[in-house]
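Coordinates as given in my_file-v5.tsv (TSV, C-alpha atoms and all ligand atoms):
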```tsv
chain	number	residue	atom	x	y	z
U	1	MET	CA	34.24	-25.73	-7.80
U	2	GLU	CA	31.19	-27.18	-6.16
U	3	GLN	CA	31.51	-27.83	-2.51
U	4	ALA	CA	29.73	-30.84	-1.12
U	5	LYS	CA	27.40	-30.07	1.74
U	6	GLY	CA	27.07	-32.38	4.63
U	7	LYS	CA	27.82	-32.96	8.25
U	8	THR	CA	29.17	-35.50	10.67
U	9	CYS	CA	26.86	-38.21	11.93
U	10	SER	CA	26.59	-38.13	15.71
U	11	ILE	CA	26.44	-41.92	15.92
U	12	CYS	CA	29.10	-43.26	13.57
U	13	GLY	CA	31.19	-40.10	13.45
U	14	GLU	CA	31.49	-40.24	9.68
U	15	TRP	CA	30.93	-37.31	7.38
U	16	HIS	CA	27.97	-37.70	5.04
U	17	ASN	CA	26.24	-35.60	2.46
U	18	TYR	CA	23.03	-33.98	3.70
U	19	GLU	CA	21.09	-36.43	1.54
U	20	GLU	CA	22.18	-39.13	3.95
U	21	PHE	CA	20.33	-37.30	6.69
U	22	SER	CA	17.05	-36.68	4.95
U	23	TYR	CA	13.98	-38.71	5.83
U	24	GLY	CA	11.50	-37.82	3.15
U	25	ASN	CA	9.39	-34.94	4.37
U	26	ARG	CA	10.59	-35.28	7.88
U	27	GLU	CA	13.14	-33.03	9.48
U	28	ASN	CA	16.78	-33.85	9.06
U	29	ARG	CA	18.33	-35.60	11.97
U	30	SER	CA	21.79	-35.57	13.44
U	31	TYR	CA	22.58	-39.10	12.37
U	32	CYS	CA	22.73	-40.78	9.00
U	33	LEU	CA	20.20	-43.09	7.37
U	34	LYS	CA	22.33	-46.16	8.03
U	35	CYS	CA	22.59	-45.42	11.74
U	36	SER	CA	18.93	-44.49	11.87
U	37	ARG	CA	18.04	-47.87	10.39
U	38	GLU	CA	20.22	-49.73	12.88
U	39	GLU	CA	18.84	-47.73	15.76
U	40	LYS	CA	15.31	-48.53	14.67
U	41	ARG	CA	16.21	-52.20	14.59
U	42	ALA	CA	17.59	-51.99	18.12
U	43	TYR	CA	14.47	-50.16	19.22
U	44	SER	CA	12.14	-52.79	17.79
U	45	SER	CA	13.91	-55.57	19.65
U	46	GLY	CA	14.74	-53.87	22.93
U	47	GLY	CA	12.86	-50.60	23.12
U	48	ALA	CA	14.21	-47.16	23.96
U	49	GLU	CA	16.93	-48.53	26.22
U	50	ALA	CA	18.34	-50.68	23.43
U	51	ALA	CA	18.25	-47.76	21.01
U	52	THR	CA	20.15	-45.59	23.48
U	53	ALA	CA	22.62	-48.38	24.12
U	54	TYR	CA	23.18	-48.73	20.39
U	55	ARG	CA	23.94	-45.03	19.99
U	56	GLU	CA	26.30	-44.99	22.94
U	57	ASN	CA	28.13	-48.12	21.81
U	58	GLN	CA	28.65	-46.69	18.34
U	59	ARG	CA	29.87	-43.36	19.69
U	60	ALA	CA	32.28	-45.05	22.08
U	61	LYS	CA	34.02	-46.60	19.08
U	62	TRP	CA	35.26	-43.28	17.77
U	63	LYS	CA	34.97	-40.89	20.71
U	64	ASN	CA	36.79	-42.87	23.35
U	65	ALA	CA	39.29	-44.72	21.28
V	101	ZN	ZN	25.97	-42.67	10.92
```
Output the structure of this file as structure tokens.
Amino acid sequence: MEQAKGKTCSICGEWHNYEEFSYGNRENRSYCLKCSREEKRAYSSGGAEAATAYRENQRAKWKNA
């Protein structure tokens, strides 16, 4: 039986396969592609503060229910 390899995204809290964390030749990150994309969008509109706010808002949804 093949066991799927993956980990939990530190932004959305969902478990994803490692493929969801790969960024081409870049190092794997602790959050999934979907969250990375959303964070990038937040960053482009509001800079580092907006990106941080996005991460914290997403985490609050599942960490402090
Ligand atoms: Zn995620």
Handout entry: Within-7 Å shell of (17.6, -38.3, 5.9) in input frame, only C-alpha atoms, as a PyMOL selection string
Key = chain U and resi 19-24+28-29+32-33
Problem - Straight-line distance linking CA of Glu38 (chain U) with CA of Ala51 (chain U), stated in Å to one decimal - result: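 Between CA of Glu38 (chain U) and CA of Ala51 (chain U) the gap works out to 8.6 Å.
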Problem - Distance of CA of Ile11 (chain U) from CA of Glu56 (chain U), expressed in Å to one decimal place - result: 7.7 Å
Practice task
Please measure the separation of CA of Tyr54 (chain U) and CA of Ser30 (chain U), giving the value in Å to one decimal.
Solution key: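 About the pair CA of Tyr54 (chain U) and CA of Ser30 (chain U): they are 14.9 Å apart.
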Exercise for the section: Using all atoms listed in the file, pick whichever of U:Lys40, U:Arg55, U:Lys34, U:Lys63 has the shortest atom-to-atom distance to ligand ZN 101 (chain V). Expected result: U:Lys34
Problem - Residue nearest ligand ZN 101 (chain V) among U:His16, U:Cys35, U:Arg59, U:Gly6 (counting all atoms listed in the file) - result: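 Comparing U:His16, U:Cys35, U:Arg59, U:Gly6 against ligand ZN 101 (chain V), the winner is U:Cys35.
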Practice task
Can you work out which one of U:Ser36, U:Ser45, U:Thr52, U:Asn57 has the shortest atom-to-atom distance to ligand ZN 101 (chain V), counting all atoms listed in the file?
Solution key: U:Ser36
Exercise for the section: Find, counting all atoms listed in the file, the residue in U:Tyr31, U:Lys5, U:Tyr43, U:Tyr18 that gets nearest to ligand ZN 101 (chain V). Expected result: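 Nearest to ligand ZN 101 (chain V): U:Tyr31.
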Got a moment to write region 2-58 of chain U out with C-alpha atoms, as a PDB file, in the first residue's frame?
```pdb
ATOM      1  CA  GLU U   2       1.418   3.306  -1.061  1.00  0.00           C
ATOM      2  CA  GLN U   3       1.300   5.985   1.522  1.00  0.00           C
ATOM      3  CA  ALA U   4       0.712   9.510   0.348  1.00  0.00           C
ATOM      4  CA  LYS U   5       3.330  11.965   1.478  1.00  0.00           C
ATOM      5  CA  GLY U   6       2.415  15.426   2.473  1.00  0.00           C
ATOM      6  CA  LYS U   7       2.035  17.852   5.295  1.00  0.00           C
ATOM      7  CA  THR U   8      -0.297  20.406   6.780  1.00  0.00           C
ATOM      8  CA  CYS U   9      -0.332  23.891   5.336  1.00  0.00           C
ATOM      9  CA  SER U  10       0.492  26.474   7.986  1.00  0.00           C
ATOM     10  CA  ILE U  11      -1.971  28.965   6.530  1.00  0.00           C
ATOM     11  CA  CYS U  12      -5.141  27.038   5.721  1.00  0.00           C
ATOM     12  CA  GLY U  13      -4.472  24.129   8.058  1.00  0.00           C
ATOM     13  CA  GLU U  14      -5.352  21.574   5.404  1.00  0.00           C
ATOM     14  CA  TRP U  15      -3.299  18.529   4.601  1.00  0.00           C
ATOM     15  CA  HIS U  16      -1.818  18.516   1.108  1.00  0.00           C
ATOM     16  CA  ASN U  17       0.464  16.295  -0.874  1.00  0.00           C
ATOM     17  CA  TYR U  18       4.046  17.563  -1.072  1.00  0.00           C
ATOM     18  CA  GLU U  19       3.412  18.458  -4.704  1.00  0.00           C
ATOM     19  CA  GLU U  20       1.153  21.209  -3.438  1.00  0.00           C
ATOM     20  CA  PHE U  21       4.140  22.740  -1.705  1.00  0.00           C
ATOM     21  CA  SER U  22       6.636  22.658  -4.531  1.00  0.00           C
ATOM     22  CA  TYR U  23       7.555  25.818  -6.383  1.00  0.00           C
ATOM     23  CA  GLY U  24       9.523  24.597  -9.348  1.00  0.00           C
ATOM     24  CA  ASN U  25      13.189  24.597  -8.448  1.00  0.00           C
ATOM     25  CA  ARG U  26      12.634  26.612  -5.356  1.00  0.00           C
ATOM     26  CA  GLU U  27      12.607  25.181  -1.876  1.00  0.00           C
ATOM     27  CA  ASN U  28       9.390  23.800  -0.524  1.00  0.00           C
ATOM     28  CA  ARG U  29       7.537  26.109   1.748  1.00  0.00           C
ATOM     29  CA  SER U  30       5.318  25.539   4.727  1.00  0.00           C
ATOM     30  CA  TYR U  31       2.169  26.607   2.956  1.00  0.00           C
ATOM     31  CA  CYS U  32       0.399  25.313  -0.111  1.00  0.00           C
ATOM     32  CA  LEU U  33       0.361  26.742  -3.624  1.00  0.00           C
ATOM     33  CA  LYS U  34      -3.157  28.094  -3.219  1.00  0.00           C
ATOM     34  CA  CYS U  35      -2.268  29.998  -0.063  1.00  0.00           C
ATOM     35  CA  SER U  36       0.985  31.144  -1.598  1.00  0.00           C
ATOM     36  CA  ARG U  37      -0.930  32.592  -4.538  1.00  0.00           C
ATOM     37  CA  GLU U  38      -3.377  34.397  -2.273  1.00  0.00           C
ATOM     38  CA  GLU U  39      -0.580  35.717  -0.115  1.00  0.00           C
ATOM     39  CA  LYS U  40       1.213  37.030  -3.176  1.00  0.00           C
ATOM     40  CA  ARG U  41      -1.964  38.799  -4.229  1.00  0.00           C
ATOM     41  CA  ALA U  42      -2.268  40.403  -0.802  1.00  0.00           C
ATOM     42  CA  TYR U  43       1.379  41.414  -0.966  1.00  0.00           C
ATOM     43  CA  SER U  44       1.012  43.078  -4.351  1.00  0.00           C
ATOM     44  CA  SER U  45      -1.873  45.202  -3.148  1.00  0.00           C
ATOM     45  CA  GLY U  46      -0.803  45.992   0.394  1.00  0.00           C
ATOM     46  CA  GLY U  47       2.818  44.975   0.831  1.00  0.00           C
ATOM     47  CA  ALA U  48       4.341  42.866   3.583  1.00  0.00           C
ATOM     48  CA  GLU U  49       1.813  43.992   6.167  1.00  0.00           C
ATOM     49  CA  ALA U  50      -1.088  42.819   4.026  1.00  0.00           C
ATOM     50  CA  ALA U  51       0.613  39.485   3.388  1.00  0.00           C
ATOM     51  CA  THR U  52       1.132  38.977   7.115  1.00  0.00           C
ATOM     52  CA  ALA U  53      -2.449  39.995   7.814  1.00  0.00           C
ATOM     53  CA  TYR U  54      -3.653  37.477   5.249  1.00  0.00           C
ATOM     54  CA  ARG U  55      -1.708  34.646   6.867  1.00  0.00           C
ATOM     55  CA  GLU U  56      -2.913  35.541  10.336  1.00  0.00           C
ATOM     56  CA  ASN U  57      -6.529  35.876   9.246  1.00  0.00           C
ATOM     57  CA  GLN U  58      -6.449  32.474   7.576  1.00  0.00           C
TER      58      GLN U  58
END
```
